[in-house]
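Presented below is the structure to which this report refers.
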Amino acid sequence: MASGDSTKRRLTILGSTGSIGTNTLDVIDRLGGRDRFEVAALTGNGNIPLLAEQARRLGAELAVTADDNLYQDLKSALAGSRIAVAAGRSGLTEAAERDAGWVMAAIVGNAGLAPTLAAARRGADIALANKECLVSAGSLFVDAVKKGGGRLLPVDSEHNAIFQVLENDQRHAVERIILTASGGPFRTKSLDEMRHVTAETARAHPNWSMGLKISIDSASMFNKALEMIEARHLFGLNPEQIEVIVHPQSVIHSMVGYSDGSVLAQLGCPDMRTAIGYALSYPSRCDLPVERLDFAKLSRLDFEAPDEARFPALRLARRAMEAGGVQGAVLNGAKETALEAFIKGRTGFLVMAEIVEKVMDELADLPAAATMDDVFAADEKARQMAAGLIG
């Protein structure tokens, strides 16, 4: 099939070398690879060998490293391939603005906000795996998607699960959504034990295979806190309609409760390719070689209320949702700074939440965001204040 064939689907992957990105490429390969898809652009950060291999294998038109200093390395790795090369923020924006109807937004952190917004504004369907677009920018990002005319397709397993069982013609009957959380590696640990954990022990998620930062976020439940804020914007809910339940087996990925007492759930074995495949093929379903759920082997499904004394991130998320404005950006900016410090051994596991709360206290009166510059300004203030607290 010739390049440019109208039967092929054009797509871009922002963050192709990370956990979500590599799983997305695996799904694409299993669904036909270059025979069914045209790759407009791939972006990565420091893993130049992997980015170059991905770009060559899928015949990407453009490959971008977010690190300006690695431009020549990427150019050398792709020499003779006819693949265009770019770097830095401008390169990420160039990738996002390339003509592609479907964009996987998988750049971790606030760095993914600007390119994802650029893709949304031009009308692409956004497969959203970047939490900060909704946590930090919220209504500004949702408005950009609506004005652009594209669709917002959640990729987080919890939001994807809700997306699958939320009946569009019954939204008026939705009472609540229930986000499930595995509880992470410290679900049964005492506060005293949690004070002494390291980044290495925090990264060991019991069920999911994820990157370093998101694994630690899961261990502290900051990941779930961000998902609560995301859910509010994704599904147009009030804060009190969003619940969290700890479900250690990670078989039920989330649930929707309706006004007649019915609760609809999406179940499956823990594998991010299921959510990615659904977002890629929506509204159809594709064939994926993921493990099938064997109900006969499920000895039990457990549920318990989250302990907000040990996982205060959930309480901070509710506070941010109720306050509105730029408090999501403040929470996230402070959290990212505290997380980096924890990874480097400069602060403690439980101290991360203490830092975030202090920053939220100090920046509680920031005005609501009218533009993206306001969001970035709030984020920067939160990062600076958190850095000052860490010393």
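The way I read the labels, and the way they are meant: chains A, B, ... in the order of the structure tokens, residue 1 as the first residue of every chain, and ligand 1 as the first ligand shown, with later ones counted on from there.
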
| Backbone DSSP call of strand (DSSP E or B) for segment 241-313 of chain A, listed as a PyMOL selection string | chain A and resi 242-246+252-258+263-267+304

| Test item, helix (DSSP H, G or I) assignment across segment 7-136 of chain A, answer as number ranges by chain | A: 19-30, 33-35, 48-58, 68-77, 88-97, 110-121, 132-135

| message | At a cut-off of 6 Å, using only C-alpha atoms, what residues contact Val39 of chain A? Leave out same-chain residues fewer than 4 positions from it and give the result as an MDAnalysis selection string. | response | chainID A and resid 10:12 60

| message | What's around Leu366 of chain A at 8 Å? Count only C-alpha atoms, leave out sequence neighbours fewer than 6 positions away in its own chain, and write the answer as a count of residues only. | response | 3

| request: Find the residues around Asn238 of chain A up to 12 Å (only C-alpha atoms counted), leave out those fewer than 4 positions away in its own chain, and share them as a PyMOL selection string. | output: chain A and resi 174-177+228-234+242-243+318+321-324

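Near Gly109 of chain A, within 8 Å and counting only C-alpha atoms, sit Ile107, Ala111, Gly112, Leu113, Asn130, Lys131, Glu132 and Glu336 of chain A, not including residues fewer than 2 positions from it in the same chain.
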
Export of prior selection with C-alpha atoms as a JSON list (two decimals), in the first residue's frame:
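Just written: again36.json:
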```
[["chain", "number", "residue", "atom", "x", "y", "z"],
["A", 107, "ILE", "CA", 4.50, 13.11, 27.44],
["A", 111, "ALA", "CA", 6.01, 19.45, 29.37],
["A", 112, "GLY", "CA", 3.19, 17.69, 27.54],
["A", 113, "LEU", "CA", 0.65, 20.48, 27.99],
["A", 130, "ASN", "CA", -1.02, 13.13, 30.04],
["A", 131, "LYS", "CA", -2.73, 14.05, 33.30],
["A", 132, "GLU", "CA", -1.53, 17.64, 33.47],
["A", 336, "GLU", "CA", 6.26, 17.32, 40.55]]
```

| Contacts of segment 84-95 of chain A within 6 Å, only C-alpha atoms, excl. fewer than 6 positions in-chain, as an MDAnalysis selection string | chainID A and resid 41 62:68 71 115

Just the selected residues (all heavy atoms), exported as an mmCIF file, in the first residue's frame, please.
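Below is the file result.cif, written as the result:
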```
data_model
loop_
_atom_site.group_PDB
_atom_site.id
_atom_site.type_symbol
_atom_site.label_atom_id
_atom_site.label_comp_id
_atom_site.auth_asym_id
_atom_site.auth_seq_id
_atom_site.Cartn_x
_atom_site.Cartn_y
_atom_site.Cartn_z
ATOM 1 N N ALA A 41 4.532 11.796 13.202
ATOM 2 C CA ALA A 41 5.624 12.215 14.072
ATOM 3 C C ALA A 41 5.700 11.346 15.310
ATOM 4 O O ALA A 41 4.684 10.854 15.809
ATOM 5 C CB ALA A 41 5.457 13.678 14.468
ATOM 6 N N LEU A 62 8.653 12.572 10.935
ATOM 7 C CA LEU A 62 9.392 13.476 11.808
ATOM 8 C C LEU A 62 9.679 12.786 13.132
ATOM 9 O O LEU A 62 8.808 12.121 13.693
ATOM 10 C CB LEU A 62 8.571 14.748 12.067
ATOM 11 C CG LEU A 62 9.101 15.735 13.111
ATOM 12 C CD1 LEU A 62 10.388 16.397 12.633
ATOM 13 C CD2 LEU A 62 8.051 16.801 13.441
ATOM 14 N N ALA A 63 10.908 12.953 13.628
ATOM 15 C CA ALA A 63 11.279 12.470 14.954
ATOM 16 C C ALA A 63 11.806 13.649 15.761
ATOM 17 O O ALA A 63 12.598 14.444 15.248
ATOM 18 C CB ALA A 63 12.331 11.372 14.869
ATOM 19 N N VAL A 64 11.353 13.759 17.011
ATOM 20 C CA VAL A 64 11.705 14.918 17.831
ATOM 21 C C VAL A 64 12.209 14.455 19.199
ATOM 22 O O VAL A 64 11.581 13.606 19.841
ATOM 23 C CB VAL A 64 10.481 15.841 18.038
ATOM 24 C CG1 VAL A 64 10.853 17.030 18.921
ATOM 25 C CG2 VAL A 64 9.932 16.310 16.704
ATOM 26 N N THR A 65 13.326 15.020 19.629
ATOM 27 C CA THR A 65 13.756 14.858 21.012
ATOM 28 C C THR A 65 13.450 16.153 21.758
ATOM 29 O O THR A 65 13.705 17.245 21.252
ATOM 30 C CB THR A 65 15.256 14.537 21.129
ATOM 31 O OG1 THR A 65 15.639 14.638 22.521
ATOM 32 C CG2 THR A 65 16.119 15.494 20.327
ATOM 33 N N ALA A 66 12.890 16.008 22.947
ATOM 34 C CA ALA A 66 12.557 17.198 23.742
ATOM 35 C C ALA A 66 13.806 17.905 24.254
ATOM 36 O O ALA A 66 13.737 19.059 24.669
ATOM 37 C CB ALA A 66 11.658 16.802 24.917
ATOM 38 N N ASP A 67 14.942 17.233 24.209
ATOM 39 C CA ASP A 67 16.208 17.784 24.707
ATOM 40 C C ASP A 67 16.973 18.443 23.565
ATOM 41 O O ASP A 67 17.495 17.758 22.678
ATOM 42 C CB ASP A 67 17.039 16.665 25.339
ATOM 43 C CG ASP A 67 18.253 17.185 26.090
ATOM 44 O OD1 ASP A 67 18.718 18.304 25.782
ATOM 45 O OD2 ASP A 67 18.745 16.462 26.974
ATOM 46 N N ASP A 68 17.068 19.770 23.596
ATOM 47 C CA ASP A 68 17.794 20.498 22.551
ATOM 48 C C ASP A 68 19.222 19.989 22.378
ATOM 49 O O ASP A 68 19.753 19.976 21.261
ATOM 50 C CB ASP A 68 17.839 21.997 22.889
ATOM 51 C CG ASP A 68 16.519 22.697 22.602
ATOM 52 O OD1 ASP A 68 16.066 22.659 21.446
ATOM 53 O OD2 ASP A 68 15.943 23.274 23.537
ATOM 54 N N TYR A 71 19.905 17.031 19.784
ATOM 55 C CA TYR A 71 19.492 17.170 18.381
ATOM 56 C C TYR A 71 20.473 16.463 17.441
ATOM 57 O O TYR A 71 20.061 15.681 16.567
ATOM 58 C CB TYR A 71 19.377 18.644 18.002
ATOM 59 C CG TYR A 71 19.135 18.875 16.523
ATOM 60 C CD1 TYR A 71 17.866 18.709 15.965
ATOM 61 C CD2 TYR A 71 20.180 19.250 15.676
ATOM 62 C CE1 TYR A 71 17.642 18.910 14.614
ATOM 63 C CE2 TYR A 71 19.974 19.449 14.326
ATOM 64 C CZ TYR A 71 18.710 19.279 13.792
ATOM 65 O OH TYR A 71 18.502 19.469 12.454
ATOM 66 N N PRO A 115 2.286 21.003 23.645
ATOM 67 C CA PRO A 115 2.074 20.276 22.391
ATOM 68 C C PRO A 115 0.705 19.609 22.294
ATOM 69 O O PRO A 115 0.107 19.579 21.208
ATOM 70 C CB PRO A 115 3.205 19.243 22.380
ATOM 71 C CG PRO A 115 3.696 19.155 23.774
ATOM 72 C CD PRO A 115 3.452 20.486 24.388
#
```
